[in-house]
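What follows is the content of upload_27.csv, which has CSV, C-alpha atoms:
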```csv
chain,number,residue,atom,x,y,z
A,5,MET,CA,-68.9,140.5,-37.9
A,6,GLN,CA,-72.1,142.3,-38.8
A,7,LEU,CA,-73.3,139.2,-40.7
A,8,TYR,CA,-72.8,137.1,-37.6
A,9,LEU,CA,-74.6,139.6,-35.4
A,10,GLU,CA,-77.5,139.8,-37.8
A,11,SER,CA,-77.7,136.0,-37.9
A,12,VAL,CA,-77.8,135.8,-34.1
A,13,LYS,CA,-80.5,138.5,-34.0
A,14,THR,CA,-82.6,136.6,-36.5
A,15,PHE,CA,-82.1,133.3,-34.7
A,16,ASN,CA,-83.2,134.9,-31.4
A,17,LYS,CA,-86.3,136.3,-33.0
A,18,LEU,CA,-87.1,132.9,-34.5
A,19,VAL,CA,-86.7,131.3,-31.0
A,20,ASP,CA,-88.9,134.1,-29.6
A,21,LEU,CA,-91.6,133.4,-32.2
A,22,SER,CA,-91.4,129.6,-31.5
A,23,MET,CA,-91.8,130.3,-27.8
A,24,THR,CA,-94.9,132.5,-28.5
A,25,VAL,CA,-96.4,129.7,-30.6
A,26,SER,CA,-95.7,127.1,-27.9
A,27,GLN,CA,-97.2,129.4,-25.2
A,28,LEU,CA,-100.3,129.8,-27.4
A,29,SER,CA,-100.6,126.1,-27.8
A,30,ALA,CA,-100.2,125.6,-24.0
A,31,VAL,CA,-102.8,128.2,-23.0
A,32,SER,CA,-105.2,126.9,-25.6
A,33,ALA,CA,-104.9,123.4,-24.3
A,34,GLN,CA,-105.3,124.7,-20.8
A,35,THR,CA,-108.5,126.6,-21.7
A,36,ILE,CA,-109.9,123.5,-23.5
A,37,ALA,CA,-109.2,121.3,-20.5
A,38,TYR,CA,-110.9,123.7,-18.1
A,39,ARG,CA,-114.0,124.0,-20.3
A,40,THR,CA,-114.2,120.2,-20.8
A,41,MET,CA,-113.7,119.6,-17.1
A,42,PHE,CA,-116.5,122.0,-16.2
A,43,MET,CA,-118.9,120.5,-18.7
A,44,GLN,CA,-118.1,116.9,-17.8
A,45,HIS,CA,-118.4,117.3,-14.1
A,46,GLY,CA,-121.7,119.2,-14.2
A,47,ALA,CA,-120.1,122.4,-12.8
A,48,ALA,CA,-121.3,124.4,-15.8
A,49,THR,CA,-124.9,125.4,-16.2
A,50,PRO,CA,-126.6,125.3,-19.6
A,51,ARG,CA,-126.5,129.1,-19.6
A,52,TRP,CA,-122.8,129.1,-18.9
A,53,GLN,CA,-122.1,126.6,-21.6
A,54,GLU,CA,-124.1,128.7,-24.1
A,55,ASN,CA,-122.2,131.9,-23.0
A,56,GLU,CA,-118.9,130.1,-23.3
A,57,ALA,CA,-119.7,128.8,-26.8
A,58,GLN,CA,-120.7,132.3,-27.9
A,59,THR,CA,-117.5,133.7,-26.3
A,60,MET,CA,-115.3,131.1,-28.0
A,61,THR,CA,-116.9,131.9,-31.4
A,62,LEU,CA,-116.7,135.6,-31.1
A,63,GLU,CA,-113.1,135.6,-29.8
A,64,LYS,CA,-111.9,133.3,-32.6
A,65,VAL,CA,-113.5,135.5,-35.2
A,66,ASP,CA,-112.1,138.7,-33.6
A,67,ALA,CA,-108.6,137.2,-33.3
A,68,ALA,CA,-108.6,135.9,-36.8
A,69,GLN,CA,-109.7,139.3,-38.1
A,70,ALA,CA,-107.1,141.2,-36.1
A,71,GLY,CA,-104.4,138.7,-37.1
A,72,SER,CA,-105.3,138.8,-40.8
A,73,GLN,CA,-105.2,142.6,-40.8
A,74,VAL,CA,-101.7,142.5,-39.3
A,75,LEU,CA,-100.6,139.9,-41.9
A,76,TRP,CA,-102.1,141.9,-44.8
A,77,LYS,CA,-100.3,145.1,-43.7
A,78,GLY,CA,-97.1,143.2,-43.1
A,79,TRP,CA,-97.4,141.5,-46.5
A,80,VAL,CA,-97.6,144.9,-48.3
A,81,GLU,CA,-94.6,146.2,-46.2
A,82,MET,CA,-92.6,143.1,-46.8
A,83,ASN,CA,-93.2,143.3,-50.6
A,84,GLN,CA,-91.9,146.9,-50.6
A,85,SER,CA,-88.9,145.9,-48.5
A,86,ILE,CA,-88.1,142.9,-50.8
A,87,LEU,CA,-88.3,145.2,-53.8
A,88,ALA,CA,-86.1,147.8,-52.2
A,89,ALA,CA,-83.5,145.2,-51.2
A,90,CYS,CA,-83.5,143.7,-54.7
A,91,GLN,CA,-82.9,147.1,-56.3
A,92,LYS,CA,-80.2,147.9,-53.8
A,93,ASN,CA,-78.5,144.5,-54.4
A,94,ILE,CA,-78.6,145.0,-58.2
A,95,ARG,CA,-77.0,148.4,-57.8
A,96,ARG,CA,-74.3,146.8,-55.6
A,97,SER,CA,-73.6,144.1,-58.2
A,98,ASN,CA,-73.5,146.6,-61.0
A,99,ASN,CA,-70.8,148.6,-59.2
A,100,ILE,CA,-68.3,145.7,-59.2
A,101,ASP,CA,-65.4,146.6,-61.4
A,102,PHE,CA,-64.4,144.0,-64.0
A,103,PRO,CA,-60.8,143.1,-63.9
A,104,ALA,CA,-58.7,144.6,-66.7
A,105,ALA,CA,-55.5,142.7,-65.7
A,106,PRO,CA,-54.8,139.6,-63.7
A,107,ILE,CA,-53.7,141.7,-60.6
A,108,ASP,CA,-57.2,143.2,-60.6
A,109,LEU,CA,-58.7,139.8,-59.8
A,110,ILE,CA,-57.9,140.4,-56.1
A,111,SER,CA,-59.7,143.7,-56.0
A,112,THR,CA,-62.7,142.2,-57.9
A,113,GLN,CA,-62.8,139.2,-55.5
A,114,SER,CA,-62.8,141.6,-52.5
A,115,GLN,CA,-65.7,143.6,-54.0
A,116,ILE,CA,-67.7,140.4,-54.7
A,117,MET,CA,-67.2,139.3,-51.1
A,118,LYS,CA,-68.4,142.7,-49.8
A,119,VAL,CA,-71.5,142.6,-52.1
A,120,THR,CA,-72.3,139.0,-51.0
A,121,GLU,CA,-72.1,139.9,-47.4
A,122,ALA,CA,-74.2,143.0,-47.8
A,123,CYS,CA,-76.8,141.0,-49.7
A,124,ALA,CA,-76.8,138.3,-46.9
A,125,ILE,CA,-77.3,141.0,-44.3
A,126,ASP,CA,-80.3,142.4,-46.2
A,127,GLY,CA,-81.7,138.8,-46.3
A,128,PHE,CA,-81.4,138.6,-42.5
A,129,LYS,CA,-83.1,142.0,-42.2
A,130,LEU,CA,-86.0,140.8,-44.4
A,131,SER,CA,-86.2,137.6,-42.3
A,132,ASN,CA,-86.5,139.7,-39.1
A,133,GLU,CA,-89.3,141.7,-40.7
A,134,ILE,CA,-91.2,138.6,-41.6
A,135,ILE,CA,-90.7,137.1,-38.1
A,136,ASP,CA,-91.9,140.3,-36.5
A,137,THR,CA,-95.0,140.3,-38.7
A,138,LEU,CA,-95.8,136.7,-37.8
A,139,LYS,CA,-95.4,137.4,-34.1
A,140,LYS,CA,-97.7,140.4,-34.3
A,141,SER,CA,-100.3,138.4,-36.1
A,142,ILE,CA,-100.3,135.7,-33.4
A,143,LYS,CA,-100.7,138.2,-30.5
A,144,PRO,CA,-104.6,138.6,-30.7
A,145,ALA,CA,-105.1,134.9,-30.5
A,146,TYR,CA,-102.6,134.6,-27.7
A,147,SER,CA,-104.2,137.4,-25.7
A,148,TYR,CA,-107.7,135.8,-25.9
A,149,ALA,CA,-106.3,132.3,-25.1
A,150,ALA,CA,-104.3,133.5,-22.1
A,151,GLY,CA,-107.2,135.6,-20.8
A,152,ASN,CA,-109.5,132.6,-21.0
A,153,ALA,CA,-107.1,130.3,-19.3
A,154,ASN,CA,-106.7,132.8,-16.4
A,155,ARG,CA,-110.5,133.5,-16.2
A,156,LEU,CA,-111.4,129.8,-16.2
A,157,SER,CA,-108.7,128.7,-13.7
A,158,VAL,CA,-110.4,130.8,-11.0
A,159,LYS,CA,-114.0,129.9,-11.9
A,160,LYS,CA,-116.2,130.1,-8.8
```

Kindly present the structure from the file in structure tokens form.
Amino acid sequence: MQLYLESVKTFNKLVDLSMTVSQLSAVSAQTIAYRTMFMQHGAATPRWQENEAQTMTLEKVDAAQAGSQVLWKGWVEMNQSILAACQKNIRRSNNIDFPAAPIDLISTQSQIMKVTEACAIDGFKLSNEIIDTLKKSIKPAYSYAAGNANRLSVKK
């Protein structure tokens, strides 16, 4: 049952990450459309265009820097988590009793199933950690894009 719950939790996190990426794409396209519209219809002064170009550049650099810091920190933490999970799974596998008689095969099979399930649960937990790190790394870019879309949609 725990394996099922972990898989559902991982699936929900993956869907949430997909939604965040989709929203980022949508607000980025919206911002590009607003900027293009203002520039094509002459609503933007040359000074405004210069400020927007500078804002776009600085925001992208800032978002990339913030996202890369989160990814780097997450990479280090994930490597530590992977190493710990591998060590734990090796210990679990080493604790399986070898059958001394044919009747012991049932017990060994049960132990193998428990170890396999525990290893799979650890795999889902690692996947959740990776998904969380990716979502955190996207947040700076999403914040800037959403802020720009809101700011430009009410341009006076």

Legend entry - Who sits within 12 Å of Gly71 of chain A, only C-alpha atoms, same chain under 4 positions skipped, as number ranges by chain: A: 63-67, 75-78, 137-147

Legend entry - Contacts of segment 98-103 of chain A at 10 Å (only C-alpha atoms; same-chain gap of 2+ positions) as number ranges by chain: A: 92-96, 105-116, 118-119

Inset, instruction - Report the distance between atom CA of Gln34 of chain A and atom CA of Arg155 of chain A in Å, rounded to one decimal place. - result: 11.2 Å

Inset, instruction - Between A:Ile134, A:Val80, A:Ala124, A:Leu87, single out the one closest to Glu10 of chain A, counting all atoms listed in the file. - result: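 Smallest separation from Glu10 of chain A among the options: A:Ala124.
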
Inset, instruction - Compare A:Val74, A:Phe42, A:Ser85, A:Thr49 by their minimum atom-to-atom distance to Asp136 of chain A, counting all atoms listed in the file, and give me the closest one. - result: A:Val74

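The space between atom CA of Asn132 of chain A and atom CA of Lys17 of chain A spans 7.0 Å.
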
Legend entry - Shortest interatomic distance to Thr40 of chain A - which of A:Ala70, A:Leu156, A:Val25, A:Leu7, counting all atoms listed in the file: A:Leu156

Inset, instruction - Could you pull out every residue with an atom within 12 Å of (-87.3, 133.2, -35.3), file coordinates, counting all atoms listed in the file, and send them as a ChimeraX atom specification? - result: /A:11-25,128-139

Legend entry - Among listed residues A:Thr120, A:Gln73, A:Gln27, A:Gln53, nearest Ala153 of chain A (using all atoms listed in the file):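 Among the listed residues, A:Gln27 lies closest to Ala153 of chain A.
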
Kindly complete segment 60-73 of chain A to N, CA, C and O atoms; the output should be written as a compact mmCIF listing (two decimals), in the frame of the given file.
```
# COMPACT_ATOMS: atom_id res chain seq x y z
N MET A 60 -116.35 131.80 -27.22
CA MET A 60 -115.30 131.10 -28.00
C MET A 60 -115.43 131.54 -29.48
O MET A 60 -114.43 131.87 -30.13
N THR A 61 -116.64 131.55 -30.00
CA THR A 61 -116.90 131.90 -31.40
C THR A 61 -116.46 133.31 -31.70
O THR A 61 -115.70 133.58 -32.64
N LEU A 62 -116.95 134.23 -30.90
CA LEU A 62 -116.70 135.60 -31.10
C LEU A 62 -115.18 135.96 -30.98
O LEU A 62 -114.61 136.75 -31.76
N GLU A 63 -114.54 135.36 -29.99
CA GLU A 63 -113.10 135.60 -29.80
C GLU A 63 -112.28 135.08 -30.94
O GLU A 63 -111.33 135.72 -31.38
N LYS A 64 -112.65 133.91 -31.43
CA LYS A 64 -111.90 133.30 -32.60
C LYS A 64 -112.03 134.19 -33.81
O LYS A 64 -111.08 134.43 -34.53
N VAL A 65 -113.26 134.67 -34.06
CA VAL A 65 -113.50 135.50 -35.20
C VAL A 65 -112.72 136.83 -35.07
O VAL A 65 -112.05 137.30 -36.00
N ASP A 66 -112.78 137.42 -33.88
CA ASP A 66 -112.10 138.70 -33.60
C ASP A 66 -110.57 138.51 -33.76
O ASP A 66 -109.88 139.33 -34.38
N ALA A 67 -110.03 137.43 -33.18
CA ALA A 67 -108.60 137.20 -33.30
C ALA A 67 -108.15 136.92 -34.70
O ALA A 67 -107.10 137.41 -35.15
N ALA A 68 -108.96 136.17 -35.45
CA ALA A 68 -108.60 135.90 -36.80
C ALA A 68 -108.64 137.17 -37.67
O ALA A 68 -107.77 137.40 -38.52
N GLN A 69 -109.62 138.03 -37.41
CA GLN A 69 -109.70 139.30 -38.10
C GLN A 69 -108.51 140.19 -37.81
O GLN A 69 -107.88 140.74 -38.71
N ALA A 70 -108.20 140.33 -36.53
CA ALA A 70 -107.10 141.20 -36.10
C ALA A 70 -105.75 140.63 -36.68
O ALA A 70 -104.91 141.38 -37.19
N GLY A 71 -105.57 139.31 -36.60
CA GLY A 71 -104.40 138.70 -37.10
C GLY A 71 -104.22 138.84 -38.61
O GLY A 71 -103.13 139.10 -39.14
N SER A 72 -105.34 138.70 -39.34
CA SER A 72 -105.30 138.80 -40.80
C SER A 72 -104.99 140.25 -41.22
O SER A 72 -104.30 140.48 -42.22
N GLN A 73 -105.49 141.23 -40.47
CA GLN A 73 -105.20 142.60 -40.80
C GLN A 73 -103.68 142.90 -40.63
O GLN A 73 -103.06 143.56 -41.46
```
